[in-house]
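*Asks:* Below you will find the structure I want to go over with you.
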There are 2 protein chains.
Amino acid sequence: MSGCGHEQEHALTARSARENMPGEEEVARVSALFKAISEPARLKILFALRQGELCVGHIVEAVGGTQSAVSHQLRIMKAAGIVKARRDGQNVAYSLADSHVVAVLELACTHLHCKI
Amino acid sequence: MSGCGHEQEHALTARSARENMPGEEEVARVSALFKAISEPARLKILFALRQGELCVGHIVEAVGGTQSAVSHQLRIMKAAGIVKARRDGQNVAYSLADSHVVAVLELACTHLHCKI
DNA sequence: TCAATATATGAATAAGTATTCATATGATAA
DNA sequence: TTATCATATGAATACTTATTCATATATTGA
């Protein structure tokens with residue numbers, strides 16, 4: 001396996017990595033969160049909602065695609081705790097669940113050296 | 001489409017969303033980044049590398065799975081600019097490309113109210 | 001050079017996920 | 001209540017992505 005030249009240094013790191021490895025359930029939750037914001041179509045919805053609350057019809061206008069697809073995507077992000085919904089008469093208005101989402105987005109953009 | 005009750009407020013937001021929507025290419029880059037860190041197997045590798053540089057053999061020990069699968073996952077994360085590789089004799093040592101990655105991870109955990 | 005070890009990779013299959021289509025639900029106004 | 005508009009959803013298909021298996025490459029020591 002690892003007759004690694006840095007046995008001394010790496011062995012400690014490896015042991016520490018095993019000991020500090022989060023459990024399957026926590027890993028799954030983090031995974032679900034990133035999956036929910038990793039599809040281009042959903043990212044566009046997030047970028048739109050960054051400007052403020054929007055009802056589904058306006059989201060469809062802003063990001064393109066069909067009403068059905070957008071609705072499915074909103075459901076996934078709502079289940080992941082990324083957006084929240086509020087019924088408003090015939091419409092349903094969506095908004096970002098909290099500020100962490102935008103912060104994660106902006107940090108990612110910083111990493112990519114892009115000026116979104 | 002949207003005879004939305006909040007026409008006045010939402011119309012401005014919707015226009016702003018359209019105007020500030022990043023281009024396809026930028027969306028794709030952000031998407032690729034989040035995809036790269038969204039698989040449980042890859043997340044585990046990131047959690048391991050958070051402790052410091054590790055060669056492939058040690059990563060396999062820390063996260064489980066086959067050598068081949070881990071190698072494929074490392075390739076994906078390297079292509080996404082998340083980890084970097086350094087040959088060290090027979091081994092290849094991997095480490096996190098920069099601190100933004102850990103920051104994104106930790107922010108995500110904050111969002112999920114988990115104490116990783 | 002040969003054998004041994006560590007890592008990488010192409011191709012196939014398996015698994016997972018998005019999109020579409022048809023239709024259902026919920027709300028309003030007539 | 002009925003017609004209409006906005007949104008949601010189940011099921012099927014299409015698409016994308018991960019994992020496996022076999023094997024290739026690279027490095028070191030004998």
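Residues in the structure tokens are numbered from 1 in each chain, the chains being A, B, ... in the order shown, and ligands are numbered from 1 in the order shown.
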As number ranges by chain, list the residues of chain B assigned to helix (DSSP H, G or I) by DSSP on the backbone atoms of this structure.
*Replies:* B: 7-20, 24-36, 40-49, 56-63, 67-79, 99-111
*Asks:* What are the nearest atom pairs, with distances in Å to one decimal, for all residues of chain B that come at most 7 Å from chain A, using only C-alpha atoms, set out by chain and rising residue number as a tab-separated table?
*Replies:*
residue	atom	partner	partner_atom	distance
B:Met1	CA	A:Gly57	CA	5.7
B:Ser2	CA	A:Gly57	CA	4.9
B:Cys4	CA	A:Asn91	CA	6.3
B:His10	CA	A:Leu54	CA	6.0
B:Thr13	CA	A:Gln51	CA	5.9
B:Ala14	CA	A:His58	CA	6.0
B:Ser16	CA	A:Gln51	CA	6.8
B:Ala17	CA	A:Ala48	CA	4.6
B:Arg18	CA	A:Ala62	CA	5.0
B:Met21	CA	A:Phe47	CA	6.5
B:Pro22	CA	A:Ile116	CA	6.8
B:Val27	CA	A:Pro40	CA	6.0
B:Ala28	CA	A:Pro40	CA	6.2
B:Val30	CA	A:Ala108	CA	6.9
B:Ser31	CA	A:Ser38	CA	4.6
B:Phe34	CA	A:Ser38	CA	5.0
B:Lys35	CA	A:Ser38	CA	5.3
B:Ser38	CA	A:Ser31	CA	4.7
B:Glu39	CA	A:Ser31	CA	5.8
B:Pro40	CA	A:Ser31	CA	5.7
B:Leu43	CA	A:Val27	CA	7.0
B:Phe47	CA	A:Met21	CA	6.5
B:Ala48	CA	A:Ala17	CA	4.6
B:Gln51	CA	A:Thr13	CA	5.9
B:Gly52	CA	A:Thr13	CA	6.2
B:Leu54	CA	A:His10	CA	6.0
B:Gly57	CA	A:Ser2	CA	4.9
B:His58	CA	A:Ala14	CA	6.0
B:Ala62	CA	A:Arg18	CA	5.0
B:Asn91	CA	A:Cys4	CA	6.3
B:His100	CA	A:His111	CA	5.9
B:Val104	CA	A:Val104	CA	5.7
B:Leu107	CA	A:Val104	CA	6.4
B:Ala108	CA	A:Val30	CA	6.9
B:Cys109	CA	A:Val30	CA	7.0
B:His111	CA	A:His100	CA	5.9
B:Ile116	CA	A:Pro22	CA	6.7
*Asks:* Write the residues you've just listed into a file as a tab-separated table (two decimals), in the first residue's frame, and include N, CA and C atoms for each of them.
*Replies:*
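Listing of selection.tsv after writing:
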chain	number	residue	atom	x	y	z
B	1	MET	N	-48.06	34.30	-18.26
B	1	MET	CA	-47.01	33.73	-17.42
B	1	MET	C	-47.20	34.17	-15.97
B	2	SER	N	-46.85	35.40	-15.62
B	2	SER	CA	-46.88	35.74	-14.21
B	2	SER	C	-47.71	36.98	-13.92
B	4	CYS	N	-48.40	38.03	-11.45
B	4	CYS	CA	-48.01	37.92	-10.05
B	4	CYS	C	-48.45	39.13	-9.26
B	10	HIS	N	-41.65	42.58	-7.77
B	10	HIS	CA	-40.98	41.47	-8.44
B	10	HIS	C	-40.50	41.81	-9.84
B	13	THR	N	-37.07	43.10	-9.59
B	13	THR	CA	-36.17	42.02	-9.23
B	13	THR	C	-35.91	41.11	-10.42
B	14	ALA	N	-36.98	40.78	-11.14
B	14	ALA	CA	-36.85	39.89	-12.28
B	14	ALA	C	-35.95	40.50	-13.35
B	16	SER	N	-33.66	42.78	-12.90
B	16	SER	CA	-32.32	42.78	-12.33
B	16	SER	C	-31.70	41.39	-12.42
B	17	ALA	N	-32.49	40.36	-12.17
B	17	ALA	CA	-31.98	38.99	-12.24
B	17	ALA	C	-31.52	38.66	-13.64
B	18	ARG	N	-32.32	39.06	-14.63
B	18	ARG	CA	-31.93	38.80	-16.02
B	18	ARG	C	-30.65	39.55	-16.36
B	21	MET	N	-27.53	38.06	-14.60
B	21	MET	CA	-27.29	36.61	-14.75
B	21	MET	C	-25.93	36.39	-15.41
B	22	PRO	N	-25.06	35.64	-14.73
B	22	PRO	CA	-23.76	35.36	-15.34
B	22	PRO	C	-23.92	34.54	-16.62
B	27	VAL	N	-21.33	30.13	-15.32
B	27	VAL	CA	-22.20	29.20	-14.60
B	27	VAL	C	-21.62	27.80	-14.66
B	28	ALA	N	-21.11	27.43	-15.82
B	28	ALA	CA	-20.54	26.08	-15.99
B	28	ALA	C	-19.33	25.87	-15.08
B	30	VAL	N	-18.68	27.38	-12.16
B	30	VAL	CA	-19.15	27.23	-10.78
B	30	VAL	C	-19.77	25.86	-10.59
B	31	SER	N	-20.56	25.46	-11.57
B	31	SER	CA	-21.19	24.14	-11.52
B	31	SER	C	-20.15	23.04	-11.40
B	34	PHE	N	-18.70	22.87	-7.82
B	34	PHE	CA	-19.56	22.25	-6.82
B	34	PHE	C	-19.76	20.77	-7.10
B	35	LYS	N	-19.84	20.41	-8.38
B	35	LYS	CA	-19.97	18.99	-8.71
B	35	LYS	C	-18.77	18.22	-8.19
B	38	SER	N	-19.11	17.46	-4.55
B	38	SER	CA	-20.44	17.05	-4.08
B	38	SER	C	-20.60	15.54	-3.91
B	39	GLU	N	-19.67	14.73	-4.43
B	39	GLU	CA	-19.79	13.28	-4.24
B	39	GLU	C	-19.25	12.90	-2.87
B	40	PRO	N	-19.96	12.04	-2.15
B	40	PRO	CA	-19.51	11.61	-0.83
B	40	PRO	C	-18.05	11.13	-0.84
B	43	LEU	N	-15.85	14.13	-1.09
B	43	LEU	CA	-15.91	14.92	0.14
B	43	LEU	C	-15.01	14.30	1.20
B	47	PHE	N	-12.03	16.02	3.31
B	47	PHE	CA	-11.95	16.04	4.77
B	47	PHE	C	-10.61	15.46	5.22
B	48	ALA	N	-10.13	14.45	4.51
B	48	ALA	CA	-8.83	13.87	4.86
B	48	ALA	C	-7.71	14.87	4.59
B	51	GLN	N	-6.43	17.70	6.88
B	51	GLN	CA	-5.43	17.45	7.92
B	51	GLN	C	-4.01	17.67	7.42
B	52	GLY	N	-3.86	17.75	6.10
B	52	GLY	CA	-2.53	17.96	5.53
B	52	GLY	C	-2.30	17.09	4.32
B	54	LEU	N	-1.25	14.25	1.79
B	54	LEU	CA	-1.28	12.78	1.89
B	54	LEU	C	-0.99	12.17	0.53
B	57	GLY	N	-1.84	6.28	-1.38
B	57	GLY	CA	-2.03	5.09	-0.53
B	57	GLY	C	-2.66	5.45	0.80
B	58	HIS	N	-2.18	6.53	1.39
B	58	HIS	CA	-2.74	6.95	2.66
B	58	HIS	C	-4.17	7.46	2.52
B	62	ALA	N	-7.45	6.18	4.42
B	62	ALA	CA	-8.28	7.08	5.21
B	62	ALA	C	-9.74	7.06	4.80
B	91	ASN	N	5.69	7.79	-4.93
B	91	ASN	CA	4.35	8.22	-4.51
B	91	ASN	C	3.97	9.55	-5.15
B	100	HIS	N	-9.54	28.41	0.06
B	100	HIS	CA	-10.95	28.69	-0.20
B	100	HIS	C	-11.80	27.43	-0.07
B	104	VAL	N	-15.13	27.06	2.01
B	104	VAL	CA	-16.44	26.71	1.44
B	104	VAL	C	-17.05	25.54	2.22
B	107	LEU	N	-18.21	26.72	5.62
B	107	LEU	CA	-19.41	27.54	5.52
B	107	LEU	C	-20.63	26.65	5.28
B	108	ALA	N	-20.46	25.64	4.46
B	108	ALA	CA	-21.55	24.69	4.20
B	108	ALA	C	-21.95	23.99	5.50
B	109	CYS	N	-20.96	23.61	6.29
B	109	CYS	CA	-21.26	22.95	7.55
B	109	CYS	C	-21.99	23.89	8.50
B	111	HIS	N	-23.98	26.23	7.57
B	111	HIS	CA	-25.35	26.28	7.05
B	111	HIS	C	-26.16	25.09	7.54
B	116	ILE	N	-18.44	19.97	12.08
B	116	ILE	CA	-17.30	19.24	11.53
B	116	ILE	C	-16.01	20.05	11.69
*Asks:* Residues of chain D within 12 Å of chain B, using only C-alpha atoms (C1' of nucleotides), as an mmCIF file with N, CA and C atoms (P, O5', C5', C4', C3', O3' and C1' of nucleotides), in the first residue's frame?
*Replies:*
data_model
loop_
_atom_site.group_PDB
_atom_site.id
_atom_site.type_symbol
_atom_site.label_atom_id
_atom_site.label_comp_id
_atom_site.auth_asym_id
_atom_site.auth_seq_id
_atom_site.Cartn_x
_atom_site.Cartn_y
_atom_site.Cartn_z
ATOM 1 P P DT D 4 -61.867 29.404 -20.078
ATOM 2 O "O5'" DT D 4 -60.730 30.018 -19.143
ATOM 3 C "C5'" DT D 4 -60.993 31.234 -18.414
ATOM 4 C "C4'" DT D 4 -59.801 31.543 -17.504
ATOM 5 C "C3'" DT D 4 -58.447 31.134 -18.087
ATOM 6 O "O3'" DT D 4 -57.535 32.215 -17.902
ATOM 7 C "C1'" DT D 4 -58.683 30.259 -15.914
ATOM 8 P P DC D 5 -56.175 32.246 -18.767
ATOM 9 O "O5'" DC D 5 -55.092 32.392 -17.611
ATOM 10 C "C5'" DC D 5 -55.286 33.389 -16.585
ATOM 11 C "C4'" DC D 5 -54.516 32.959 -15.355
ATOM 12 C "C3'" DC D 5 -53.062 32.557 -15.642
ATOM 13 O "O3'" DC D 5 -52.213 33.337 -14.815
ATOM 14 C "C1'" DC D 5 -54.153 30.923 -14.301
ATOM 15 P P DA D 6 -50.636 33.219 -14.975
ATOM 16 O "O5'" DA D 6 -50.267 32.306 -13.726
ATOM 17 C "C5'" DA D 6 -50.512 32.783 -12.403
ATOM 18 C "C4'" DA D 6 -50.002 31.763 -11.414
ATOM 19 C "C3'" DA D 6 -48.587 31.267 -11.683
ATOM 20 O "O3'" DA D 6 -47.833 31.390 -10.485
ATOM 21 C "C1'" DA D 6 -50.083 29.429 -11.485
ATOM 22 P P DT D 7 -46.325 30.979 -10.436
ATOM 23 O "O5'" DT D 7 -46.454 29.461 -9.957
ATOM 24 C "C5'" DT D 7 -47.084 29.189 -8.698
ATOM 25 C "C4'" DT D 7 -47.204 27.703 -8.497
ATOM 26 C "C3'" DT D 7 -45.904 26.924 -8.539
ATOM 27 O "O3'" DT D 7 -45.700 26.392 -7.246
ATOM 28 C "C1'" DT D 7 -47.648 25.790 -9.681
ATOM 29 P P DT D 16 -25.549 14.872 -21.492
ATOM 30 O "O5'" DT D 16 -24.978 14.590 -20.031
ATOM 31 C "C5'" DT D 16 -25.788 14.942 -18.898
ATOM 32 C "C4'" DT D 16 -25.226 14.322 -17.641
ATOM 33 C "C3'" DT D 16 -23.709 14.306 -17.555
ATOM 34 O "O3'" DT D 16 -23.395 14.922 -16.327
ATOM 35 C "C1'" DT D 16 -24.600 12.169 -17.022
ATOM 36 P P DT D 17 -21.888 15.188 -15.870
ATOM 37 O "O5'" DT D 17 -21.635 13.931 -14.929
ATOM 38 C "C5'" DT D 17 -22.523 13.689 -13.832
ATOM 39 C "C4'" DT D 17 -22.095 12.417 -13.131
ATOM 40 C "C3'" DT D 17 -20.593 12.286 -12.934
ATOM 41 O "O3'" DT D 17 -20.378 12.135 -11.548
ATOM 42 C "C1'" DT D 17 -21.493 10.302 -13.845
ATOM 43 P P DA D 18 -19.018 11.794 -10.913
ATOM 44 O "O5'" DA D 18 -19.184 10.245 -10.575
ATOM 45 C "C5'" DA D 18 -20.148 9.865 -9.611
ATOM 46 C "C4'" DA D 18 -20.105 8.373 -9.368
ATOM 47 C "C3'" DA D 18 -18.790 7.853 -8.813
ATOM 48 O "O3'" DA D 18 -19.102 6.916 -7.797
ATOM 49 C "C1'" DA D 18 -19.304 6.747 -10.866
ATOM 50 P P DT D 19 -17.934 6.289 -6.927
ATOM 51 O "O5'" DT D 19 -17.754 4.854 -7.592
ATOM 52 C "C5'" DT D 19 -18.912 4.017 -7.709
ATOM 53 C "C4'" DT D 19 -18.513 2.742 -8.427
ATOM 54 C "C3'" DT D 19 -17.211 2.116 -7.934
ATOM 55 O "O3'" DT D 19 -17.527 0.782 -7.547
ATOM 56 C "C1'" DT D 19 -17.235 2.325 -10.309
ATOM 57 P P DT D 20 -16.425 -0.167 -6.929
ATOM 58 O "O5'" DT D 20 -16.079 -1.113 -8.173
ATOM 59 C "C5'" DT D 20 -17.139 -1.637 -8.969
ATOM 60 C "C4'" DT D 20 -16.568 -2.322 -10.203
ATOM 61 C "C3'" DT D 20 -15.303 -3.145 -9.950
ATOM 62 O "O3'" DT D 20 -15.542 -4.474 -10.404
ATOM 63 C "C1'" DT D 20 -15.029 -1.698 -11.816
ATOM 64 P P DC D 21 -14.577 -5.659 -10.034
ATOM 65 O "O5'" DC D 21 -13.729 -5.838 -11.372
ATOM 66 C "C5'" DC D 21 -14.414 -5.898 -12.625
ATOM 67 C "C4'" DC D 21 -13.406 -5.880 -13.756
ATOM 68 C "C3'" DC D 21 -12.086 -6.584 -13.450
ATOM 69 O "O3'" DC D 21 -11.772 -7.440 -14.522
ATOM 70 C "C1'" DC D 21 -11.680 -4.407 -14.243
ATOM 71 P P DA D 22 -10.547 -8.490 -14.421
ATOM 72 O "O5'" DA D 22 -9.573 -7.930 -15.556
ATOM 73 C "C5'" DA D 22 -10.140 -7.510 -16.808
ATOM 74 C "C4'" DA D 22 -9.136 -6.646 -17.533
ATOM 75 C "C3'" DA D 22 -7.706 -7.185 -17.489
ATOM 76 O "O3'" DA D 22 -7.174 -7.203 -18.804
ATOM 77 C "C1'" DA D 22 -7.758 -4.936 -16.747
ATOM 78 P P DT D 23 -5.676 -7.733 -19.075
ATOM 79 O "O5'" DT D 23 -4.847 -6.370 -19.180
ATOM 80 C "C5'" DT D 23 -5.399 -5.307 -19.948
ATOM 81 C "C4'" DT D 23 -4.642 -4.031 -19.687
ATOM 82 C "C3'" DT D 23 -3.111 -4.182 -19.718
ATOM 83 O "O3'" DT D 23 -2.621 -3.170 -20.572
ATOM 84 C "C1'" DT D 23 -3.782 -2.936 -17.866
ATOM 85 P P DT D 25 1.961 2.597 -21.666
ATOM 86 O "O5'" DT D 25 2.516 3.515 -20.493
ATOM 87 C "C5'" DT D 25 1.748 4.632 -20.062
ATOM 88 C "C4'" DT D 25 2.259 5.092 -18.715
ATOM 89 C "C3'" DT D 25 3.778 5.339 -18.676
ATOM 90 O "O3'" DT D 25 3.964 6.692 -18.282
ATOM 91 C "C1'" DT D 25 3.052 4.100 -16.794
ATOM 92 P P DA D 26 5.391 7.404 -18.370
ATOM 93 O "O5'" DA D 26 5.858 7.362 -16.846
ATOM 94 C "C5'" DA D 26 4.988 7.888 -15.850
ATOM 95 C "C4'" DA D 26 5.608 7.624 -14.491
ATOM 96 C "C3'" DA D 26 7.126 7.781 -14.474
ATOM 97 O "O3'" DA D 26 7.455 8.535 -13.326
ATOM 98 C "C1'" DA D 26 6.517 5.685 -13.584
ATOM 99 P P DT D 27 8.898 9.209 -13.150
ATOM 100 O "O5'" DT D 27 9.503 8.416 -11.908
ATOM 101 C "C5'" DT D 27 8.764 8.394 -10.696
ATOM 102 C "C4'" DT D 27 9.277 7.294 -9.808
ATOM 103 C "C3'" DT D 27 10.796 7.266 -9.648
ATOM 104 O "O3'" DT D 27 11.089 7.500 -8.288
ATOM 105 C "C1'" DT D 27 9.908 5.094 -9.972
ATOM 106 P P DT D 28 12.578 7.802 -7.803
ATOM 107 O "O5'" DT D 28 12.991 6.424 -7.133
ATOM 108 C "C5'" DT D 28 12.147 5.862 -6.119
ATOM 109 C "C4'" DT D 28 12.519 4.409 -5.910
ATOM 110 C "C3'" DT D 28 14.014 4.165 -5.668
ATOM 111 O "O3'" DT D 28 14.185 3.673 -4.352
ATOM 112 C "C1'" DT D 28 13.073 2.575 -7.182
ATOM 113 P P DG D 29 15.661 3.543 -3.739
ATOM 114 O "O5'" DG D 29 15.873 1.958 -3.811
ATOM 115 C "C5'" DG D 29 14.810 1.087 -3.390
ATOM 116 C "C4'" DG D 29 15.197 -0.337 -3.695
ATOM 117 C "C3'" DG D 29 16.654 -0.672 -3.410
ATOM 118 O "O3'" DG D 29 16.721 -2.029 -2.950
ATOM 119 C "C1'" DG D 29 16.197 -1.066 -5.689
#
*Asks:* All Cα atoms, paired in order, least squares: that's the fit I need for chain A onto chain B, output as a PDB file with C-alpha atoms, in the first residue's frame.
*Replies:*
ATOM      1  CA  MET A   1     -47.038  33.492 -17.193  1.00  0.00           C
ATOM      2  CA  SER A   2     -46.863  35.760 -14.169  1.00  0.00           C
ATOM      3  CA  GLY A   3     -49.857  37.850 -13.320  1.00  0.00           C
ATOM      4  CA  CYS A   4     -48.019  37.935 -10.062  1.00  0.00           C
ATOM      5  CA  GLY A   5     -49.560  40.011  -7.266  1.00  0.00           C
ATOM      6  CA  HIS A   6     -46.235  41.616  -6.504  1.00  0.00           C
ATOM      7  CA  GLU A   7     -45.800  42.902 -10.040  1.00  0.00           C
ATOM      8  CA  GLN A   8     -44.312  46.178  -8.897  1.00  0.00           C
ATOM      9  CA  GLU A   9     -41.723  44.683  -6.559  1.00  0.00           C
ATOM     10  CA  HIS A  10     -40.986  41.488  -8.459  1.00  0.00           C
ATOM     11  CA  ALA A  11     -40.806  43.032 -11.904  1.00  0.00           C
ATOM     12  CA  LEU A  12     -37.760  45.053 -10.891  1.00  0.00           C
ATOM     13  CA  THR A  13     -36.174  42.038  -9.252  1.00  0.00           C
ATOM     14  CA  ALA A  14     -36.855  39.913 -12.317  1.00  0.00           C
ATOM     15  CA  ARG A  15     -35.299  42.454 -14.628  1.00  0.00           C
ATOM     16  CA  SER A  16     -32.320  42.798 -12.349  1.00  0.00           C
ATOM     17  CA  ALA A  17     -31.993  39.003 -12.253  1.00  0.00           C
ATOM     18  CA  ARG A  18     -31.917  38.804 -16.047  1.00  0.00           C
ATOM     19  CA  GLU A  19     -29.419  41.630 -16.314  1.00  0.00           C
ATOM     20  CA  ASN A  20     -27.082  40.247 -13.675  1.00  0.00           C
ATOM     21  CA  MET A  21     -27.278  36.629 -14.756  1.00  0.00           C
ATOM     22  CA  PRO A  22     -23.743  35.389 -15.321  1.00  0.00           C
ATOM     23  CA  GLY A  23     -22.962  33.883 -18.729  1.00  0.00           C
ATOM     24  CA  GLU A  24     -23.158  30.187 -19.522  1.00  0.00           C
ATOM     25  CA  GLU A  25     -19.431  29.759 -19.228  1.00  0.00           C
ATOM     26  CA  GLU A  26     -19.200  31.218 -15.753  1.00  0.00           C
ATOM     27  CA  VAL A  27     -22.175  29.215 -14.593  1.00  0.00           C
ATOM     28  CA  ALA A  28     -20.509  26.101 -15.979  1.00  0.00           C
ATOM     29  CA  ARG A  29     -17.314  26.789 -14.065  1.00  0.00           C
ATOM     30  CA  VAL A  30     -19.129  27.255 -10.772  1.00  0.00           C
ATOM     31  CA  SER A  31     -21.168  24.152 -11.517  1.00  0.00           C
ATOM     32  CA  ALA A  32     -18.044  22.102 -12.175  1.00  0.00           C
ATOM     33  CA  LEU A  33     -16.537  23.256  -8.899  1.00  0.00           C
ATOM     34  CA  PHE A  34     -19.553  22.251  -6.808  1.00  0.00           C
ATOM     35  CA  LYS A  35     -19.967  18.986  -8.698  1.00  0.00           C
ATOM     36  CA  ALA A  36     -16.373  18.149  -7.935  1.00  0.00           C
ATOM     37  CA  ILE A  37     -16.945  18.493  -4.197  1.00  0.00           C
ATOM     38  CA  SER A  38     -20.427  17.016  -4.081  1.00  0.00           C
ATOM     39  CA  GLU A  39     -19.801  13.286  -4.250  1.00  0.00           C
ATOM     40  CA  PRO A  40     -19.502  11.591  -0.836  1.00  0.00           C
ATOM     41  CA  ALA A  41     -16.333   9.797  -1.878  1.00  0.00           C
ATOM     42  CA  ARG A  42     -14.691  13.058  -2.926  1.00  0.00           C
ATOM     43  CA  LEU A  43     -15.901  14.914   0.141  1.00  0.00           C
ATOM     44  CA  LYS A  44     -14.201  12.325   2.287  1.00  0.00           C
ATOM     45  CA  ILE A  45     -10.974  12.914   0.426  1.00  0.00           C
ATOM     46  CA  LEU A  46     -11.305  16.635   1.092  1.00  0.00           C
ATOM     47  CA  PHE A  47     -11.955  16.040   4.775  1.00  0.00           C
ATOM     48  CA  ALA A  48      -8.835  13.875   4.845  1.00  0.00           C
ATOM     49  CA  LEU A  49      -6.669  16.430   3.045  1.00  0.00           C
ATOM     50  CA  ARG A  50      -7.851  19.088   5.455  1.00  0.00           C
ATOM     51  CA  GLN A  51      -5.430  17.457   7.923  1.00  0.00           C
ATOM     52  CA  GLY A  52      -2.528  17.961   5.529  1.00  0.00           C
ATOM     53  CA  GLU A  53      -0.747  16.487   2.534  1.00  0.00           C
ATOM     54  CA  LEU A  54      -1.272  12.791   1.891  1.00  0.00           C
ATOM     55  CA  CYS A  55      -0.096  10.337  -0.727  1.00  0.00           C
ATOM     56  CA  VAL A  56      -2.606   8.230  -2.599  1.00  0.00           C
ATOM     57  CA  GLY A  57      -2.025   5.108  -0.537  1.00  0.00           C
ATOM     58  CA  HIS A  58      -2.754   6.955   2.676  1.00  0.00           C
ATOM     59  CA  ILE A  59      -5.838   8.557   1.157  1.00  0.00           C
ATOM     60  CA  VAL A  60      -7.115   5.113   0.251  1.00  0.00           C
ATOM     61  CA  GLU A  61      -6.530   4.029   3.850  1.00  0.00           C
ATOM     62  CA  ALA A  62      -8.291   7.090   5.215  1.00  0.00           C
ATOM     63  CA  VAL A  63     -11.400   7.062   3.057  1.00  0.00           C
ATOM     64  CA  GLY A  64     -11.800   3.438   1.961  1.00  0.00           C
ATOM     65  CA  GLY A  65     -12.689   2.270  -1.519  1.00  0.00           C
ATOM     66  CA  THR A  66     -10.409   0.934  -4.200  1.00  0.00           C
ATOM     67  CA  GLN A  67      -7.155   2.492  -5.377  1.00  0.00           C
ATOM     68  CA  SER A  68      -8.609   2.921  -8.840  1.00  0.00           C
ATOM     69  CA  ALA A  69     -11.716   4.736  -7.692  1.00  0.00           C
ATOM     70  CA  VAL A  70      -9.712   7.074  -5.469  1.00  0.00           C
ATOM     71  CA  SER A  71      -7.340   7.814  -8.314  1.00  0.00           C
ATOM     72  CA  HIS A  72     -10.231   8.694 -10.638  1.00  0.00           C
ATOM     73  CA  GLN A  73     -11.701  10.969  -7.990  1.00  0.00           C
ATOM     74  CA  LEU A  74      -8.378  12.698  -7.431  1.00  0.00           C
ATOM     75  CA  ARG A  75      -8.090  13.303 -11.152  1.00  0.00           C
ATOM     76  CA  ILE A  76     -11.513  14.985 -11.200  1.00  0.00           C
ATOM     77  CA  MET A  77     -10.675  17.221  -8.253  1.00  0.00           C
ATOM     78  CA  LYS A  78      -7.298  18.090  -9.717  1.00  0.00           C
ATOM     79  CA  ALA A  79      -8.941  19.062 -13.012  1.00  0.00           C
ATOM     80  CA  ALA A  80     -11.375  21.233 -11.060  1.00  0.00           C
ATOM     81  CA  GLY A  81      -8.489  23.016  -9.346  1.00  0.00           C
ATOM     82  CA  ILE A  82      -9.422  21.753  -5.905  1.00  0.00           C
ATOM     83  CA  VAL A  83      -6.361  19.679  -5.126  1.00  0.00           C
ATOM     84  CA  LYS A  84      -2.809  19.736  -6.371  1.00  0.00           C
ATOM     85  CA  ALA A  85      -0.387  16.861  -6.851  1.00  0.00           C
ATOM     86  CA  ARG A  86       3.312  16.591  -6.257  1.00  0.00           C
ATOM     87  CA  ARG A  87       5.343  13.564  -7.172  1.00  0.00           C
ATOM     88  CA  ASP A  88       7.527  12.257  -4.383  1.00  0.00           C
ATOM     89  CA  GLY A  89       9.527   9.279  -5.560  1.00  0.00           C
ATOM     90  CA  GLN A  90       7.190   6.382  -6.168  1.00  0.00           C
ATOM     91  CA  ASN A  91       4.345   8.217  -4.535  1.00  0.00           C
ATOM     92  CA  VAL A  92       2.221  11.181  -5.455  1.00  0.00           C
ATOM     93  CA  ALA A  93       1.301  13.486  -2.611  1.00  0.00           C
ATOM     94  CA  TYR A  94      -1.950  15.404  -2.836  1.00  0.00           C
ATOM     95  CA  SER A  95      -2.971  18.528  -0.982  1.00  0.00           C
ATOM     96  CA  LEU A  96      -5.687  21.154  -1.134  1.00  0.00           C
ATOM     97  CA  ALA A  97      -5.113  23.728  -3.869  1.00  0.00           C
ATOM     98  CA  ASP A  98      -5.944  26.681  -1.647  1.00  0.00           C
ATOM     99  CA  SER A  99      -7.707  27.718   1.522  1.00  0.00           C
ATOM    100  CA  HIS A 100     -10.953  28.689  -0.205  1.00  0.00           C
ATOM    101  CA  VAL A 101     -11.949  25.049  -0.482  1.00  0.00           C
ATOM    102  CA  VAL A 102     -11.849  24.480   3.244  1.00  0.00           C
ATOM    103  CA  ALA A 103     -13.629  27.784   3.777  1.00  0.00           C
ATOM    104  CA  VAL A 104     -16.438  26.698   1.443  1.00  0.00           C
ATOM    105  CA  LEU A 105     -16.669  23.366   3.250  1.00  0.00           C
ATOM    106  CA  GLU A 106     -16.844  25.005   6.640  1.00  0.00           C
ATOM    107  CA  LEU A 107     -19.427  27.528   5.511  1.00  0.00           C
ATOM    108  CA  ALA A 108     -21.554  24.678   4.198  1.00  0.00           C
ATOM    109  CA  CYS A 109     -21.264  22.933   7.531  1.00  0.00           C
ATOM    110  CA  THR A 110     -22.313  26.114   9.288  1.00  0.00           C
ATOM    111  CA  HIS A 111     -25.349  26.257   7.045  1.00  0.00           C
ATOM    112  CA  LEU A 112     -26.192  22.668   7.980  1.00  0.00           C
ATOM    113  CA  HIS A 113     -25.624  23.351  11.679  1.00  0.00           C
ATOM    114  CA  CYS A 114     -23.115  20.564  11.927  1.00  0.00           C
ATOM    115  CA  LYS A 115     -19.874  20.707  13.888  1.00  0.00           C
ATOM    116  CA  ILE A 116     -17.314  19.274  11.542  1.00  0.00           C
TER     117      ILE A 116
END
*Asks:* If we count only C-alpha atoms (C1' of nucleotides), which residues of chain C reach to within 9 Å of chain A? Please list them as number ranges by chain.
*Replies:* C: 5-6, 18-20, 26-28
